[in-house]
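Okay, input.csv now, which holds CSV, C-alpha atoms:
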chain,number,residue,atom,x,y,z
A,21,MET,CA,55.2,-232.3,-70.8
A,22,LYS,CA,58.6,-233.6,-71.8
A,23,TYR,CA,57.5,-233.5,-75.4
A,24,PHE,CA,56.5,-229.8,-75.1
A,25,ALA,CA,59.9,-228.9,-73.5
A,26,LEU,CA,61.7,-230.7,-76.3
A,27,ILE,CA,59.8,-228.7,-78.9
A,28,LEU,CA,60.4,-225.4,-77.1
A,29,SER,CA,64.2,-226.2,-76.9
A,30,LEU,CA,64.3,-226.9,-80.6
A,31,ILE,CA,62.5,-223.6,-81.4
A,32,LEU,CA,65.0,-221.7,-79.3
A,33,LEU,CA,68.0,-223.4,-80.8
A,34,ALA,CA,66.7,-222.6,-84.3
A,35,GLY,CA,66.3,-219.0,-83.4
A,36,CYS,CA,69.9,-218.8,-82.0
A,37,ALA,CA,71.3,-220.6,-85.1
A,38,SER,CA,69.7,-218.1,-87.5
A,39,GLY,CA,71.2,-215.1,-85.6
A,40,PRO,CA,70.0,-211.5,-85.7
A,41,ARG,CA,68.1,-210.2,-88.7
A,42,PHE,CA,69.9,-207.5,-90.8
A,43,ASP,CA,67.9,-204.7,-92.4
A,44,THR,CA,69.9,-202.9,-95.1
A,45,SER,CA,67.1,-200.7,-96.5
A,46,HIS,CA,68.1,-197.6,-94.6
A,47,ALA,CA,71.5,-196.6,-96.0
A,48,SER,CA,73.2,-193.5,-94.6
A,49,ALA,CA,74.2,-190.7,-97.1
A,50,ASN,CA,76.8,-189.3,-94.6
A,51,HIS,CA,80.0,-190.9,-95.7
A,52,ASP,CA,82.9,-190.7,-98.0
A,53,SER,CA,85.9,-192.8,-99.0
A,54,ARG,CA,88.5,-193.7,-96.4
A,55,ILE,CA,91.1,-192.8,-99.1
A,56,GLN,CA,91.7,-189.1,-99.1
A,57,PHE,CA,95.3,-188.7,-100.1
A,58,VAL,CA,98.0,-190.2,-102.3
A,59,VAL,CA,101.6,-190.1,-101.0
A,60,VAL,CA,104.5,-190.5,-103.4
A,61,HIS,CA,107.9,-191.9,-102.3
A,62,TYR,CA,111.2,-193.0,-103.7
A,63,THR,CA,112.7,-196.3,-102.5
A,64,SER,CA,116.4,-195.5,-102.2
A,65,ALA,CA,116.9,-199.1,-103.4
A,66,SER,CA,117.1,-201.3,-106.4
A,67,LEU,CA,113.9,-203.0,-107.8
A,68,GLU,CA,114.8,-206.3,-106.3
A,69,ARG,CA,115.6,-204.8,-102.9
A,70,SER,CA,112.5,-202.6,-103.0
A,71,LEU,CA,110.2,-205.6,-103.6
A,72,GLN,CA,111.8,-207.5,-100.8
A,73,LEU,CA,111.5,-204.6,-98.3
A,74,LEU,CA,108.0,-203.7,-99.3
A,75,THR,CA,106.6,-207.2,-99.2
A,76,HIS,CA,108.6,-208.8,-96.3
A,77,GLY,CA,110.0,-205.8,-94.4
A,78,GLU,CA,108.6,-203.5,-91.8
A,79,VAL,CA,107.4,-201.0,-94.4
A,80,SER,CA,104.8,-201.5,-97.1
A,81,SER,CA,103.1,-199.7,-99.9
A,82,HIS,CA,100.1,-200.2,-102.2
A,83,TYR,CA,102.1,-199.8,-105.4
A,84,LEU,CA,105.6,-199.9,-106.6
A,85,ILE,CA,106.7,-198.4,-110.0
A,86,GLY,CA,109.8,-200.2,-111.3
A,87,ASP,CA,112.8,-198.7,-113.2
A,88,ASP,CA,112.6,-201.2,-116.1
A,89,LYS,CA,111.6,-200.3,-119.7
A,90,GLY,CA,108.0,-199.4,-119.6
A,91,ALA,CA,108.1,-198.9,-115.8
A,92,THR,CA,106.0,-201.9,-114.5
A,93,ILE,CA,103.4,-201.0,-111.9
A,94,TYR,CA,103.4,-203.6,-109.1
A,95,LYS,CA,100.3,-203.8,-107.0
A,96,LEU,CA,101.5,-205.0,-103.7
A,97,MET,CA,98.2,-205.0,-101.7
A,98,ASP,CA,94.6,-204.2,-101.9
A,99,GLU,CA,93.8,-200.5,-101.7
A,100,ASN,CA,91.3,-201.1,-98.9
A,101,LEU,CA,94.1,-202.3,-96.7
A,102,ARG,CA,96.3,-200.0,-94.7
A,103,SER,CA,100.0,-200.0,-95.7
A,104,TRP,CA,102.9,-198.8,-93.6
A,105,HIS,CA,104.3,-196.1,-95.9
A,106,ALA,CA,103.7,-192.7,-94.2
A,107,GLY,CA,104.6,-193.2,-90.6
A,108,GLU,CA,104.2,-190.2,-88.3
A,109,SER,CA,102.7,-187.7,-90.7
A,110,GLU,CA,100.2,-184.8,-91.1
A,111,TRP,CA,98.6,-183.0,-93.9
A,112,ASP,CA,95.8,-180.4,-93.8
A,113,GLY,CA,95.0,-181.3,-90.2
A,114,ARG,CA,94.8,-185.0,-90.8
A,115,THR,CA,97.4,-187.1,-88.9
A,116,TRP,CA,98.9,-190.6,-89.3
A,117,LEU,CA,98.1,-190.7,-93.0
A,118,ASN,CA,98.6,-194.5,-93.3
A,119,SER,CA,94.9,-194.8,-92.4
A,120,SER,CA,93.7,-192.4,-95.1
A,121,SER,CA,96.1,-192.7,-98.0
A,122,ILE,CA,97.4,-194.8,-100.8
A,123,GLY,CA,101.2,-195.1,-100.9
A,124,ILE,CA,103.1,-195.2,-104.2
A,125,GLU,CA,106.8,-196.1,-104.1
A,126,ILE,CA,109.0,-195.4,-107.2
A,127,VAL,CA,112.3,-197.2,-107.7
A,128,ASN,CA,114.9,-194.4,-107.5
A,129,PRO,CA,118.3,-194.2,-105.6
A,130,GLY,CA,117.3,-190.8,-104.1
A,131,PHE,CA,120.7,-189.1,-103.6
A,132,THR,CA,124.4,-189.6,-103.1
A,133,ASP,CA,126.6,-187.4,-101.0
A,134,THR,CA,129.8,-186.6,-102.8
A,135,PRO,CA,132.8,-184.4,-101.9
A,136,THR,CA,131.4,-181.8,-104.2
A,137,GLY,CA,127.9,-181.9,-102.9
A,138,ARG,CA,124.7,-184.0,-102.9
A,139,VAL,CA,123.7,-185.6,-106.2
A,140,TRP,CA,120.0,-186.3,-106.8
A,141,TYR,CA,118.8,-188.9,-109.3
A,142,PRO,CA,116.1,-188.2,-111.9
A,143,TYR,CA,113.1,-190.2,-112.7
A,144,THR,CA,112.7,-191.9,-116.1
A,145,ASP,CA,110.1,-190.8,-118.6
A,146,ASP,CA,108.6,-194.3,-118.4
A,147,GLN,CA,108.3,-194.0,-114.6
A,148,VAL,CA,106.5,-190.6,-114.9
A,149,GLN,CA,104.1,-191.9,-117.5
A,150,SER,CA,103.3,-195.0,-115.5
A,151,LEU,CA,102.7,-192.8,-112.4
A,152,ILE,CA,100.4,-190.4,-114.3
A,153,VAL,CA,98.3,-193.4,-115.5
A,154,LEU,CA,98.1,-194.8,-112.0
A,155,LEU,CA,97.3,-191.4,-110.4
A,156,LYS,CA,94.5,-190.7,-112.9
A,157,ASP,CA,92.9,-194.0,-112.2
A,158,ILE,CA,93.1,-193.7,-108.4
A,159,SER,CA,92.0,-190.0,-108.4
A,160,LYS,CA,89.0,-190.8,-110.6
A,161,ARG,CA,87.8,-193.8,-108.4
A,162,TYR,CA,88.2,-192.0,-105.1
A,163,ASN,CA,87.6,-188.4,-106.2
A,164,ILE,CA,90.9,-187.2,-104.8
A,165,SER,CA,91.6,-183.5,-104.9
A,166,PRO,CA,94.8,-182.6,-106.8
A,167,ARG,CA,95.9,-180.8,-103.6
A,168,ASN,CA,96.0,-184.1,-101.8
A,169,ILE,CA,98.5,-185.7,-104.2
A,170,ILE,CA,101.6,-185.1,-102.1
A,171,GLY,CA,105.1,-186.3,-101.3
A,172,HIS,CA,106.5,-188.0,-98.2
A,173,SER,CA,108.5,-184.8,-97.5
A,174,ASP,CA,105.3,-182.8,-97.5
A,175,ILE,CA,103.7,-184.8,-94.8
A,176,ALA,CA,106.8,-185.5,-92.7
A,177,PRO,CA,109.2,-182.5,-93.4
A,178,LEU,CA,111.2,-183.0,-90.3
A,179,ARG,CA,112.4,-186.5,-91.3
A,180,LYS,CA,111.9,-187.2,-95.0
A,181,LEU,CA,113.2,-185.9,-98.3
A,182,ASP,CA,111.4,-188.1,-100.8
A,183,PRO,CA,110.4,-187.9,-103.6
A,184,GLY,CA,113.2,-185.2,-103.9
A,185,PRO,CA,113.8,-182.0,-105.9
A,186,LEU,CA,113.9,-183.8,-109.3
A,187,PHE,CA,110.4,-185.2,-108.9
A,188,PRO,CA,108.3,-183.7,-111.8
A,189,TRP,CA,105.5,-182.0,-109.7
A,190,LYS,CA,105.0,-179.4,-112.4
A,191,ARG,CA,104.5,-182.0,-115.1
A,192,LEU,CA,102.0,-183.9,-112.9
A,193,ALA,CA,100.1,-180.7,-112.2
A,194,ALA,CA,99.8,-180.1,-116.0
A,195,GLU,CA,97.9,-183.5,-116.1
A,196,GLY,CA,95.7,-182.5,-113.2
A,197,MET,CA,97.5,-184.7,-110.8
A,198,GLY,CA,98.7,-182.0,-108.4
A,199,ILE,CA,98.9,-178.3,-108.1
A,200,TRP,CA,101.3,-175.7,-109.4
A,201,PRO,CA,101.2,-171.9,-109.1
A,202,ASN,CA,100.7,-169.5,-112.1
A,203,GLU,CA,104.2,-168.3,-112.8
A,204,GLN,CA,103.2,-164.9,-114.0
A,205,ALA,CA,101.2,-164.3,-110.8
A,206,VAL,CA,104.2,-165.4,-108.8
A,207,ALA,CA,106.5,-163.0,-110.6
A,208,ARG,CA,104.1,-160.1,-109.9
A,209,GLN,CA,103.7,-161.0,-106.2
A,210,GLN,CA,107.5,-161.5,-105.9
A,211,MET,CA,108.1,-157.9,-106.9
A,212,GLN,CA,105.8,-156.7,-104.2
A,213,PHE,CA,107.6,-158.7,-101.6
A,214,ALA,CA,111.0,-157.7,-102.7
A,215,ASP,CA,111.1,-154.5,-100.6
A,216,ARG,CA,109.3,-155.9,-97.5
A,217,LEU,CA,109.3,-159.5,-96.6
A,218,PRO,CA,106.3,-160.8,-94.5
A,219,SER,CA,106.9,-161.9,-90.9
A,220,VAL,CA,107.8,-165.4,-89.9
A,221,SER,CA,104.3,-165.7,-88.4
A,222,TRP,CA,102.9,-164.9,-91.9
A,223,PHE,CA,105.0,-167.7,-93.5
A,224,GLN,CA,103.9,-170.2,-90.8
A,225,ALA,CA,100.2,-169.3,-91.2
A,226,GLN,CA,100.4,-169.6,-95.0
A,227,LEU,CA,102.2,-172.9,-94.9
A,228,ALA,CA,99.6,-174.3,-92.5
A,229,ARG,CA,96.8,-173.0,-94.7
A,230,LEU,CA,98.2,-174.9,-97.6
A,231,GLY,CA,98.3,-178.1,-95.6
A,232,TYR,CA,101.8,-178.3,-94.0
A,233,ALA,CA,102.0,-179.1,-90.3
A,234,THR,CA,103.9,-175.9,-89.2
A,235,PRO,CA,104.7,-174.4,-85.8
A,236,GLN,CA,102.9,-171.2,-85.1
A,237,THR,CA,105.6,-169.7,-82.9
A,238,GLY,CA,106.5,-166.6,-84.8
A,239,GLU,CA,110.1,-167.7,-84.7
A,240,LEU,CA,112.3,-169.1,-87.5
A,241,ASP,CA,113.0,-172.3,-85.5
A,242,VAL,CA,114.5,-175.5,-86.9
A,243,ALA,CA,111.1,-177.1,-87.5
A,244,THR,CA,109.8,-174.1,-89.4
A,245,ARG,CA,113.0,-174.1,-91.6
A,246,HIS,CA,112.4,-177.8,-92.4
A,247,VAL,CA,108.8,-177.1,-93.4
A,248,ILE,CA,109.8,-174.2,-95.6
A,249,ALA,CA,112.5,-176.4,-97.2
A,250,ALA,CA,110.0,-179.1,-97.9
A,251,PHE,CA,107.6,-176.5,-99.5
A,252,GLN,CA,110.5,-175.1,-101.6
A,253,MET,CA,111.6,-178.6,-102.7
A,254,HIS,CA,108.1,-179.2,-104.0
A,255,PHE,CA,107.4,-175.8,-105.6
A,256,ARG,CA,110.8,-174.3,-106.1
A,257,PRO,CA,113.3,-177.2,-106.5
A,258,SER,CA,116.1,-174.9,-107.7
A,259,ARG,CA,116.7,-173.8,-104.1
A,260,PHE,CA,115.3,-175.4,-101.0
A,261,ASP,CA,117.5,-174.0,-98.2
A,262,GLY,CA,114.6,-173.3,-95.8
A,263,THR,CA,115.1,-169.5,-95.9
A,264,PRO,CA,111.9,-167.4,-96.2
A,265,ASP,CA,112.4,-165.1,-99.1
A,266,ALA,CA,110.3,-163.1,-101.6
A,267,GLN,CA,109.8,-165.8,-104.1
A,268,THR,CA,108.8,-168.3,-101.4
A,269,ALA,CA,106.3,-165.8,-100.1
A,270,ALA,CA,104.9,-165.2,-103.6
A,271,LEU,CA,104.6,-168.9,-104.2
A,272,LEU,CA,102.6,-169.4,-101.0
A,273,LEU,CA,100.3,-166.5,-101.6
A,274,VAL,CA,99.5,-167.5,-105.1
A,275,LEU,CA,98.8,-171.1,-104.2
A,276,ASN,CA,96.6,-170.1,-101.3
A,277,GLN,CA,94.7,-167.5,-103.3
A,278,THR,CA,93.7,-170.3,-105.7
A,279,LYS,CA,92.8,-172.8,-103.0

So that I can check it, write out the structure of this file as structure tokens.
Amino acid sequence: MKYFALILSLILLAGCASGPRFDTSHASANHDSRIQFVVVHYTSASLERSLQLLTHGEVSSHYLIGDDKGATIYKLMDENLRSWHAGESEWDGRTWLNSSSIGIEIVNPGFTDTPTGRVWYPYTDDQVQSLIVLLKDISKRYNISPRNIIGHSDIAPLRKLDPGPLFPWKRLAAEGMGIWPNEQAVARQQMQFADRLPSVSWFQAQLARLGYATPQTGELDVATRHVIAAFQMHFRPSRFDGTPDAQTAALLLVLNQTK
């Protein structure tokens, strides 16, 4: 009897040691990539300081593009990990984009406020070329829509300005790494809006349709002005004062008509 109990105990222990059996023959087709967006930033710091902040500070990013000759691309973490680059954010109805995006930081001072006004700093040609190479690789691997290659100011217009008005969105769009409106179509629509500007509600609805988190109050409140300014900085960097005007309306309409 004791011998039988010992054998039974050994069998039970062997079963526990082996654990549950996994069957992987029924794979679900209902899934897509966690990574839906790419968010571009500037660092407002030198390369050395940027590396320090992004690797040992409270913020992080998947990639950093340097300002050296050739613009070295630093991979700071695996793309499957969540980096802390977006913060409180929203785009096209998705919130807290840290969980669904890849963050790319570019070494750039951002801006300096001077007695004669704010001075923005351009990106080097090497930086732009490195960014295009990186974006094409990421977009191909994750099938990211050009509309989802965006800036920090697009997803957090109330608190962020990067990558700023000198960021070459038009050039990236020419490479398929972003969107840009047809300029002839914009000019035609602008003439139609010149005599009668759409309502604030119209602007708010069009901005939301494009992807921006926009109040739907029908009032030109502070938050709405910030969102309009972010949109203008992206698509009309020559003037981004947050004022709804005929050209801004034309840009919105053309972009949404081709969505």

Quick one: residues within 8 Å of (105.2, -204.9, -103.1) (file frame), counting only C-alpha atoms, please, as a list in words.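 Applying the cut-off with only C-alpha atoms, one gets Ser70, Leu71, Gln72, Leu73, Leu74, Thr75, Ser80, Ser81, His82, Tyr83, Leu84, Tyr94, Lys95, Leu96 and Met97 of chain A.
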
Would you save the residues of that selection, restricted to C-alpha atoms, as an mmCIF file, keeping the file's coordinate frame?
data_model
loop_
_atom_site.group_PDB
_atom_site.id
_atom_site.type_symbol
_atom_site.label_atom_id
_atom_site.label_comp_id
_atom_site.auth_asym_id
_atom_site.auth_seq_id
_atom_site.Cartn_x
_atom_site.Cartn_y
_atom_site.Cartn_z
ATOM 1 C CA SER A 70 112.500 -202.600 -103.000
ATOM 2 C CA LEU A 71 110.200 -205.600 -103.600
ATOM 3 C CA GLN A 72 111.800 -207.500 -100.800
ATOM 4 C CA LEU A 73 111.500 -204.600 -98.300
ATOM 5 C CA LEU A 74 108.000 -203.700 -99.300
ATOM 6 C CA THR A 75 106.600 -207.200 -99.200
ATOM 7 C CA SER A 80 104.800 -201.500 -97.100
ATOM 8 C CA SER A 81 103.100 -199.700 -99.900
ATOM 9 C CA HIS A 82 100.100 -200.200 -102.200
ATOM 10 C CA TYR A 83 102.100 -199.800 -105.400
ATOM 11 C CA LEU A 84 105.600 -199.900 -106.600
ATOM 12 C CA TYR A 94 103.400 -203.600 -109.100
ATOM 13 C CA LYS A 95 100.300 -203.800 -107.000
ATOM 14 C CA LEU A 96 101.500 -205.000 -103.700
ATOM 15 C CA MET A 97 98.200 -205.000 -101.700
#

Interface rows for stretch 86-115 of chain A against stretch 158-173 of chain A: nearest pair, Å to one decimal, 9 Å, only C-alpha atoms, as a Markdown table:
| residue | atom | partner | partner_atom | distance |
| --- | --- | --- | --- | --- |
| A:His105 | CA | A:His172 | CA | 8.7 |
| A:Ala106 | CA | A:His172 | CA | 6.8 |
| A:Ser109 | CA | A:His172 | CA | 8.4 |
| A:Trp111 | CA | A:Asn168 | CA | 8.4 |
| A:Asp112 | CA | A:Asn168 | CA | 8.8 |

Choose the residue, out of A:Gly86, A:Pro201, A:Gly262, A:Pro218, that has the smallest atom-to-atom separation from A:Leu67; count all atoms listed in the file.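 Using all atoms listed in the file, A:Leu67 sits closest to A:Gly86.
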
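For the atom pair formed by atom CA of A:Ile248 and atom CA of A:Val274, the distance is 15.5 Å, given to one decimal.
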
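Here atom CA of A:Arg138 and atom CA of A:Pro185 stand 11.5 Å from one another.
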
In Å and to one decimal, atom CA of A:Ala250 is distant from atom CA of A:Leu181 by 7.5 Å

Cut-off 6 Å around (109.0, -178.7, -87.0) with all atoms listed in the file: residues as a list in words
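Every polymer residue passing the test: Leu178, Ala243 and Thr244 of chain A.
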
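Residues in contact with A:Val153 at up to 10 Å, not including ones fewer than 4 positions away on its chain and judged by all atoms listed in the file, are Ile93, Val148, Gln149, Asp157, Ile158, Glu195 and Met197 of chain A.
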
Would you mind exporting C-alpha atoms of the selected residues as a PDB file, in the coordinates of the input?
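Resulting contents of out_36.pdb:
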ATOM      1  CA  ILE A  93     103.400-201.000-111.900  1.00  0.00           C
ATOM      2  CA  VAL A 148     106.500-190.600-114.900  1.00  0.00           C
ATOM      3  CA  GLN A 149     104.100-191.900-117.500  1.00  0.00           C
ATOM      4  CA  ASP A 157      92.900-194.000-112.200  1.00  0.00           C
ATOM      5  CA  ILE A 158      93.100-193.700-108.400  1.00  0.00           C
ATOM      6  CA  GLU A 195      97.900-183.500-116.100  1.00  0.00           C
ATOM      7  CA  MET A 197      97.500-184.700-110.800  1.00  0.00           C
TER       8      MET A 197
END

**Item:** Nearest residue to A:Pro142 from the set A:Phe251, A:Phe187, A:Trp222, A:Tyr62 (distances using only C-alpha atoms)
**Value:**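 Closest residue, counting only C-alpha atoms: A:Phe187.
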
Best match for closeness to A:Arg102 among A:Ser66, A:Ser45, A:Ser150, A:Ser121, counting all atoms listed in the file:
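Of A:Ser66, A:Ser45, A:Ser150, A:Ser121, the one nearest A:Arg102 is A:Ser121, counting all atoms listed in the file.
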
A:Leu275 environment, 12 Å, all atoms listed in the file, sequence neighbours closer than 6 positions dropped, as a VMD selection string = chain A and resid 167 198 to 203 205 to 206 209 226 to 227 229 to 231 251 255 268 to 269
